[in-house]
file upload_26.pdb (PDB, C-alpha atoms)
ATOM      1  CA  MET X   1       4.255  -4.713 -15.665  1.00  0.00           C
ATOM      2  CA  SER X   2       0.942  -5.370 -13.934  1.00  0.00           C
ATOM      3  CA  ILE X   3      -1.528  -3.241 -12.003  1.00  0.00           C
ATOM      4  CA  THR X   4      -3.745  -3.959  -9.020  1.00  0.00           C
ATOM      5  CA  SER X   5      -6.158  -1.649  -7.177  1.00  0.00           C
ATOM      6  CA  SER X   6      -7.736  -1.860  -3.733  1.00  0.00           C
ATOM      7  CA  ASN X   7      -9.970   0.147  -1.469  1.00  0.00           C
ATOM      8  CA  VAL X   8      -8.129   0.938   1.769  1.00  0.00           C
ATOM      9  CA  THR X   9     -10.348   0.719   4.851  1.00  0.00           C
ATOM     10  CA  THR X  10      -9.933   1.099   8.601  1.00  0.00           C
ATOM     11  CA  ASN X  11      -9.176  -2.623   8.832  1.00  0.00           C
ATOM     12  CA  SER X  12      -5.667  -3.720   7.907  1.00  0.00           C
ATOM     13  CA  ALA X  13      -5.993  -5.664   4.646  1.00  0.00           C
ATOM     14  CA  ASN X  14      -3.769  -6.989   1.886  1.00  0.00           C
ATOM     15  CA  ILE X  15      -3.403  -4.665  -1.061  1.00  0.00           C
ATOM     16  CA  TYR X  16      -1.007  -7.099  -2.744  1.00  0.00           C
ATOM     17  CA  VAL X  17       0.252 -10.639  -2.107  1.00  0.00           C
ATOM     18  CA  SER X  18       3.164 -11.991  -4.117  1.00  0.00           C
ATOM     19  CA  THR X  19       2.438 -15.420  -5.571  1.00  0.00           C
ATOM     20  CA  GLY X  20       4.456 -17.724  -7.753  1.00  0.00           C
ATOM     21  CA  GLY X  21       7.909 -16.194  -7.390  1.00  0.00           C
ATOM     22  CA  THR X  22       9.577 -12.875  -6.717  1.00  0.00           C
ATOM     23  CA  HIS X  23       7.919  -9.601  -7.662  1.00  0.00           C
ATOM     24  CA  ALA X  24       8.968  -5.974  -7.404  1.00  0.00           C
ATOM     25  CA  ALA X  25       6.415  -3.428  -6.263  1.00  0.00           C
ATOM     26  CA  MET X  26       7.226  -0.407  -8.402  1.00  0.00           C
ATOM     27  CA  THR X  27       4.836   2.491  -7.854  1.00  0.00           C
ATOM     28  CA  PHE X  28       2.082   3.139  -5.317  1.00  0.00           C
ATOM     29  CA  TYR X  29      -0.715   5.661  -5.795  1.00  0.00           C
ATOM     30  CA  PHE X  30      -2.780   6.368  -2.684  1.00  0.00           C
ATOM     31  CA  THR X  31      -5.707   8.489  -3.851  1.00  0.00           C
ATOM     32  CA  ASN X  32      -8.131  10.226  -1.544  1.00  0.00           C
ATOM     33  CA  TYR X  33     -11.337  10.094  -3.583  1.00  0.00           C
ATOM     34  CA  SER X  34     -13.361  11.980  -0.976  1.00  0.00           C
ATOM     35  CA  VAL X  35     -14.264  15.524  -1.988  1.00  0.00           C
ATOM     36  CA  SER X  36     -14.336  16.803   1.592  1.00  0.00           C
ATOM     37  CA  THR X  37     -12.505  14.500   4.029  1.00  0.00           C
ATOM     38  CA  ASN X  38      -8.748  14.454   4.557  1.00  0.00           C
ATOM     39  CA  ALA X  39      -7.456  10.985   5.448  1.00  0.00           C
ATOM     40  CA  THR X  40      -4.314   9.129   6.441  1.00  0.00           C
ATOM     41  CA  PHE X  41      -2.984   5.711   5.488  1.00  0.00           C
ATOM     42  CA  THR X  42      -0.412   3.343   6.940  1.00  0.00           C
ATOM     43  CA  LEU X  43       1.478   0.779   4.846  1.00  0.00           C
ATOM     44  CA  TYR X  44       3.188  -2.420   6.004  1.00  0.00           C
ATOM     45  CA  ALA X  45       5.591  -4.808   4.210  1.00  0.00           C
ATOM     46  CA  VAL X  46       4.744  -8.185   5.730  1.00  0.00           C
ATOM     47  CA  GLY X  47       6.840 -11.307   5.305  1.00  0.00           C
ATOM     48  CA  SER X  48       5.190 -14.667   4.666  1.00  0.00           C
ATOM     49  CA  GLY X  49       3.706 -16.073   7.867  1.00  0.00           C
ATOM     50  CA  TYR X  50       3.686 -12.753   9.726  1.00  0.00           C
ATOM     51  CA  SER X  51       1.051 -10.082  10.327  1.00  0.00           C
ATOM     52  CA  ALA X  52       1.089  -6.290  10.054  1.00  0.00           C
ATOM     53  CA  ASN X  53       2.569  -4.630  13.135  1.00  0.00           C
ATOM     54  CA  ASN X  54       4.820  -1.778  14.240  1.00  0.00           C
ATOM     55  CA  PHE X  55       7.957  -3.723  13.248  1.00  0.00           C
ATOM     56  CA  ASN X  56       7.070  -4.007   9.546  1.00  0.00           C
ATOM     57  CA  MET X  57       5.415  -0.603   9.117  1.00  0.00           C
ATOM     58  CA  ILE X  58       7.049   1.318   6.254  1.00  0.00           C
ATOM     59  CA  TYR X  59       4.765   4.391   6.048  1.00  0.00           C
ATOM     60  CA  SER X  60       2.862   5.678   9.072  1.00  0.00           C
ATOM     61  CA  ASN X  61      -0.196   7.921   9.083  1.00  0.00           C
ATOM     62  CA  VAL X  62       0.565   9.642   5.782  1.00  0.00           C
ATOM     63  CA  LEU X  63      -1.868  12.500   5.207  1.00  0.00           C
ATOM     64  CA  VAL X  64      -3.634  12.679   1.852  1.00  0.00           C
ATOM     65  CA  GLN X  65      -5.774  15.778   1.371  1.00  0.00           C
ATOM     66  CA  ALA X  66      -9.301  15.353  -0.019  1.00  0.00           C
ATOM     67  CA  GLY X  67      -9.118  14.954  -3.798  1.00  0.00           C
ATOM     68  CA  ASP X  68      -5.323  14.497  -3.822  1.00  0.00           C
ATOM     69  CA  THR X  69      -2.944  11.583  -4.515  1.00  0.00           C
ATOM     70  CA  TYR X  70       0.208  10.520  -2.678  1.00  0.00           C
ATOM     71  CA  VAL X  71       2.686   8.818  -5.024  1.00  0.00           C
ATOM     72  CA  MET X  72       5.580   6.573  -3.968  1.00  0.00           C
ATOM     73  CA  ASP X  73       7.767   5.837  -6.973  1.00  0.00           C
ATOM     74  CA  SER X  74      11.387   6.096  -5.886  1.00  0.00           C
ATOM     75  CA  GLU X  75      11.655   2.754  -4.058  1.00  0.00           C
ATOM     76  CA  ARG X  76      11.327  -0.878  -5.144  1.00  0.00           C
ATOM     77  CA  LEU X  77      10.098  -3.514  -2.734  1.00  0.00           C
ATOM     78  CA  PHE X  78      11.058  -7.070  -3.645  1.00  0.00           C
ATOM     79  CA  LEU X  79       8.517  -9.584  -2.423  1.00  0.00           C
ATOM     80  CA  GLU X  80       8.998 -13.343  -2.283  1.00  0.00           C
ATOM     81  CA  SER X  81       6.101 -15.764  -2.592  1.00  0.00           C
ATOM     82  CA  ASN X  82       3.386 -15.072   0.031  1.00  0.00           C
ATOM     83  CA  ASP X  83       4.920 -11.776   1.201  1.00  0.00           C
ATOM     84  CA  ALA X  84       2.240  -9.073   1.373  1.00  0.00           C
ATOM     85  CA  LEU X  85       1.720  -5.351   1.323  1.00  0.00           C
ATOM     86  CA  VAL X  86      -0.930  -4.405   3.856  1.00  0.00           C
ATOM     87  CA  ALA X  87      -2.603  -1.030   4.278  1.00  0.00           C
ATOM     88  CA  LYS X  88      -5.183   0.672   6.431  1.00  0.00           C
ATOM     89  CA  ALA X  89      -6.738   4.152   6.522  1.00  0.00           C
ATOM     90  CA  ASN X  90      -8.171   6.222   9.333  1.00  0.00           C
ATOM     91  CA  ALA X  91     -11.548   6.512   7.540  1.00  0.00           C
ATOM     92  CA  ASN X  92     -13.574   4.291   5.250  1.00  0.00           C
ATOM     93  CA  ASN X  93     -14.610   5.418   1.765  1.00  0.00           C
ATOM     94  CA  THR X  94     -11.686   7.802   1.338  1.00  0.00           C
ATOM     95  CA  ILE X  95      -8.488   6.057   0.145  1.00  0.00           C
ATOM     96  CA  ALA X  96      -7.818   3.786  -2.820  1.00  0.00           C
ATOM     97  CA  CYS X  97      -4.438   2.270  -3.664  1.00  0.00           C
ATOM     98  CA  THR X  98      -3.237   1.445  -7.157  1.00  0.00           C
ATOM     99  CA  LEU X  99       0.018  -0.483  -7.306  1.00  0.00           C
ATOM    100  CA  THR X 100       2.230  -1.415 -10.235  1.00  0.00           C
ATOM    101  CA  TYR X 101       4.458  -4.469  -9.976  1.00  0.00           C
ATOM    102  CA  THR X 102       6.587  -6.712 -12.155  1.00  0.00           C
ATOM    103  CA  ASP X 103       8.133 -10.182 -12.113  1.00  0.00           C
ATOM    104  CA  VAL X 104      11.795 -10.346 -11.171  1.00  0.00           C
TER
END
call {"tool": "encode", "arguments": {"input": "upload_26.pdb", "output": "structure tokens"}}
result
Amino acid sequence: MSITSSNVTTNSANIYVSTGGTHAAMTFYFTNYSVSTNATFTLYAVGSGYSANNFNMIYSNVLVQAGDTYVMDSERLFLESNDALVAKANANNTIACTLTYTDV
């Protein structure tokens, strides 16, 4: 199993891109590292050659209280080569995402 971490900003950006085969995204940790600002995040599962939009949104405006973590660990997303997970937040300098994944 591998781990990757990203800062989630107000611009939609890749938090993970599958390369070299099929991977399973296992667990997501969206941590609000601000001590005073509540924030939301949105997560997209984007197929190769596409961009994040309302049709591939899988979590929308999820609230994470200041100093708290939102954990998604009951689902597995299988990503083929060049598929991506894209995220954005409603505020900069608030949300970080740590993702575990494995080869399939």
call {"tool": "residues_near_point", "arguments": {"input": "upload_26.pdb", "point": "(3.3, 0.5, -8.2)", "cutoff": "6 Å", "atoms": "only C-alpha atoms", "output": "list of chain:residue names"}}
result
X:Ala25, X:Met26, X:Thr27, X:Phe28, X:Leu99, X:Thr100, X:Tyr101
call {"tool": "closest_residue", "arguments": {"input": "upload_26.pdb", "among": "X:Thr69, X:Thr42, X:Thr31, X:Thr102", "to": "X:Asn7", "atoms": "all atoms listed in the file"}}
result
X:Thr31
call {"tool": "closest_residue", "arguments": {"input": "upload_26.pdb", "among": "X:Ser12, X:Asn92, X:Asp103, X:Ala84", "to": "X:Thr37", "atoms": "all atoms listed in the file"}}
result
X:Asn92
call {"tool": "atom_distance", "arguments": {"input": "upload_26.pdb", "atom1": "atom CA of X:Ala96", "atom2": "atom CA of X:Phe30"}}
result
5.7 Å
call {"tool": "atom_distance", "arguments": {"input": "upload_26.pdb", "atom1": "atom CA of X:Val46", "atom2": "atom CA of X:Leu79"}}
result
9.1 Å
call {"tool": "closest_residue", "arguments": {"input": "upload_26.pdb", "among": "X:Met57, X:Val8, X:Val64, X:Ile3", "to": "X:Asn38", "atoms": "all atoms listed in the file"}}
result
X:Val64
call {"tool": "atom_distance", "arguments": {"input": "upload_26.pdb", "atom1": "atom CA of X:Met72", "atom2": "atom CA of X:Asn90"}}
result
19.1 Å
call {"tool": "closest_residue", "arguments": {"input": "upload_26.pdb", "among": "X:Ala91, X:Ala13, X:Met1, X:Leu85", "to": "X:Ser48", "atoms": "all atoms listed in the file"}}
result
X:Leu85
call {"tool": "residues_around", "arguments": {"input": "upload_26.pdb", "residues": "X:Ile95", "least_positions_apart": "6", "cutoff": "12 Å", "atoms": "all atoms listed in the file", "output": "tab-separated table (two decimals) with C-alpha atoms, keeping the file's coordinate frame"}}
result
chain	number	residue	atom	x	y	z
X	5	SER	CA	-6.16	-1.65	-7.18
X	6	SER	CA	-7.74	-1.86	-3.73
X	7	ASN	CA	-9.97	0.15	-1.47
X	8	VAL	CA	-8.13	0.94	1.77
X	9	THR	CA	-10.35	0.72	4.85
X	10	THR	CA	-9.93	1.10	8.60
X	15	ILE	CA	-3.40	-4.66	-1.06
X	29	TYR	CA	-0.72	5.66	-5.80
X	30	PHE	CA	-2.78	6.37	-2.68
X	31	THR	CA	-5.71	8.49	-3.85
X	32	ASN	CA	-8.13	10.23	-1.54
X	33	TYR	CA	-11.34	10.09	-3.58
X	34	SER	CA	-13.36	11.98	-0.98
X	35	VAL	CA	-14.26	15.52	-1.99
X	37	THR	CA	-12.50	14.50	4.03
X	38	ASN	CA	-8.75	14.45	4.56
X	39	ALA	CA	-7.46	10.98	5.45
X	40	THR	CA	-4.31	9.13	6.44
X	41	PHE	CA	-2.98	5.71	5.49
X	42	THR	CA	-0.41	3.34	6.94
X	62	VAL	CA	0.56	9.64	5.78
X	63	LEU	CA	-1.87	12.50	5.21
X	64	VAL	CA	-3.63	12.68	1.85
X	65	GLN	CA	-5.77	15.78	1.37
X	66	ALA	CA	-9.30	15.35	-0.02
X	67	GLY	CA	-9.12	14.95	-3.80
X	68	ASP	CA	-5.32	14.50	-3.82
X	69	THR	CA	-2.94	11.58	-4.51
X	70	TYR	CA	0.21	10.52	-2.68
X	87	ALA	CA	-2.60	-1.03	4.28
X	88	LYS	CA	-5.18	0.67	6.43
X	89	ALA	CA	-6.74	4.15	6.52
call {"tool": "closest_residue", "arguments": {"input": "upload_26.pdb", "among": "X:Thr98, X:Arg76, X:Asp83, X:Asn93", "to": "X:Ser36", "atoms": "all atoms listed in the file"}}
result
X:Asn93
call {"tool": "closest_residue", "arguments": {"input": "upload_26.pdb", "among": "X:Thr94, X:Asn11, X:Asn56, X:Asn82", "to": "X:His23", "atoms": "all atoms listed in the file"}}
result
X:Asn82
call {"tool": "build_atoms", "arguments": {"input": "upload_26.pdb", "residues": "stretch 34-45 of chain X", "atoms": "all heavy atoms", "output": "mmCIF file, in the coordinates of the input"}}
result
data_model
loop_
_atom_site.group_PDB
_atom_site.id
_atom_site.type_symbol
_atom_site.label_atom_id
_atom_site.label_comp_id
_atom_site.auth_asym_id
_atom_site.auth_seq_id
_atom_site.Cartn_x
_atom_site.Cartn_y
_atom_site.Cartn_z
ATOM 1 N N SER X 34 -12.352 11.161 -1.640
ATOM 2 C CA SER X 34 -13.361 11.980 -0.976
ATOM 3 C C SER X 34 -13.220 13.430 -1.453
ATOM 4 O O SER X 34 -12.111 13.903 -1.689
ATOM 5 C CB SER X 34 -13.174 11.936 0.544
ATOM 6 O OG SER X 34 -14.013 12.871 1.179
ATOM 7 N N VAL X 35 -14.321 14.111 -1.586
ATOM 8 C CA VAL X 35 -14.264 15.524 -1.988
ATOM 9 C C VAL X 35 -14.158 16.453 -0.783
ATOM 10 O O VAL X 35 -13.925 17.649 -0.947
ATOM 11 C CB VAL X 35 -15.482 15.917 -2.851
ATOM 12 C CG1 VAL X 35 -15.467 15.154 -4.163
ATOM 13 C CG2 VAL X 35 -16.786 15.696 -2.107
ATOM 14 N N SER X 36 -14.321 15.917 0.437
ATOM 15 C CA SER X 36 -14.336 16.803 1.592
ATOM 16 C C SER X 36 -13.554 16.316 2.810
ATOM 17 O O SER X 36 -13.307 17.095 3.725
ATOM 18 C CB SER X 36 -15.789 17.051 2.020
ATOM 19 O OG SER X 36 -16.403 15.821 2.373
ATOM 20 N N THR X 37 -13.132 15.054 2.834
ATOM 21 C CA THR X 37 -12.505 14.500 4.029
ATOM 22 C C THR X 37 -11.034 14.190 3.797
ATOM 23 O O THR X 37 -10.693 13.398 2.920
ATOM 24 C CB THR X 37 -13.223 13.197 4.455
ATOM 25 O OG1 THR X 37 -14.602 13.469 4.669
ATOM 26 C CG2 THR X 37 -12.615 12.620 5.718
ATOM 27 N N ASN X 38 -10.155 14.828 4.571
ATOM 28 C CA ASN X 38 -8.748 14.454 4.557
ATOM 29 C C ASN X 38 -8.618 13.101 5.245
ATOM 30 O O ASN X 38 -9.415 12.763 6.132
ATOM 31 C CB ASN X 38 -7.899 15.484 5.290
ATOM 32 C CG ASN X 38 -7.912 16.829 4.602
ATOM 33 O OD1 ASN X 38 -8.145 16.929 3.406
ATOM 34 N ND2 ASN X 38 -7.676 17.882 5.368
ATOM 35 N N ALA X 39 -7.619 12.312 4.856
ATOM 36 C CA ALA X 39 -7.456 10.985 5.448
ATOM 37 C C ALA X 39 -5.979 10.629 5.505
ATOM 38 O O ALA X 39 -5.149 11.226 4.822
ATOM 39 C CB ALA X 39 -8.217 9.952 4.628
ATOM 40 N N THR X 40 -5.677 9.648 6.351
ATOM 41 C CA THR X 40 -4.314 9.129 6.441
ATOM 42 C C THR X 40 -4.318 7.638 6.114
ATOM 43 O O THR X 40 -5.342 6.962 6.246
ATOM 44 C CB THR X 40 -3.715 9.326 7.844
ATOM 45 O OG1 THR X 40 -4.467 8.566 8.793
ATOM 46 C CG2 THR X 40 -3.688 10.799 8.234
ATOM 47 N N PHE X 41 -3.148 7.142 5.697
ATOM 48 C CA PHE X 41 -2.984 5.711 5.488
ATOM 49 C C PHE X 41 -1.678 5.270 6.122
ATOM 50 O O PHE X 41 -0.753 6.054 6.319
ATOM 51 C CB PHE X 41 -3.009 5.330 3.997
ATOM 52 C CG PHE X 41 -1.790 5.753 3.234
ATOM 53 C CD1 PHE X 41 -0.669 4.932 3.172
ATOM 54 C CD2 PHE X 41 -1.746 6.980 2.591
ATOM 55 C CE1 PHE X 41 0.468 5.332 2.471
ATOM 56 C CE2 PHE X 41 -0.622 7.378 1.889
ATOM 57 C CZ PHE X 41 0.485 6.552 1.827
ATOM 58 N N THR X 42 -1.619 3.983 6.440
ATOM 59 C CA THR X 42 -0.412 3.343 6.940
ATOM 60 C C THR X 42 -0.159 2.120 6.074
ATOM 61 O O THR X 42 -1.100 1.411 5.707
ATOM 62 C CB THR X 42 -0.583 2.945 8.419
ATOM 63 O OG1 THR X 42 -0.815 4.141 9.182
ATOM 64 C CG2 THR X 42 0.648 2.242 8.957
ATOM 65 N N LEU X 43 1.102 1.883 5.726
ATOM 66 C CA LEU X 43 1.478 0.779 4.846
ATOM 67 C C LEU X 43 2.500 -0.110 5.539
ATOM 68 O O LEU X 43 3.429 0.385 6.186
ATOM 69 C CB LEU X 43 2.072 1.329 3.542
ATOM 70 C CG LEU X 43 2.522 0.318 2.501
ATOM 71 C CD1 LEU X 43 1.334 -0.479 1.956
ATOM 72 C CD2 LEU X 43 3.242 1.031 1.356
ATOM 73 N N TYR X 44 2.312 -1.418 5.404
ATOM 74 C CA TYR X 44 3.188 -2.420 6.004
ATOM 75 C C TYR X 44 3.738 -3.336 4.914
ATOM 76 O O TYR X 44 3.028 -3.674 3.969
ATOM 77 C CB TYR X 44 2.418 -3.297 6.993
ATOM 78 C CG TYR X 44 1.680 -2.534 8.058
ATOM 79 C CD1 TYR X 44 0.401 -2.035 7.822
ATOM 80 C CD2 TYR X 44 2.244 -2.339 9.317
ATOM 81 C CE1 TYR X 44 -0.289 -1.351 8.804
ATOM 82 C CE2 TYR X 44 1.548 -1.646 10.309
ATOM 83 C CZ TYR X 44 0.283 -1.154 10.042
ATOM 84 O OH TYR X 44 -0.401 -0.476 11.021
ATOM 85 N N ALA X 45 4.994 -3.773 5.058
ATOM 86 C CA ALA X 45 5.591 -4.808 4.210
ATOM 87 C C ALA X 45 5.722 -6.045 5.098
ATOM 88 O O ALA X 45 6.527 -6.068 6.030
ATOM 89 C CB ALA X 45 6.948 -4.370 3.687
#
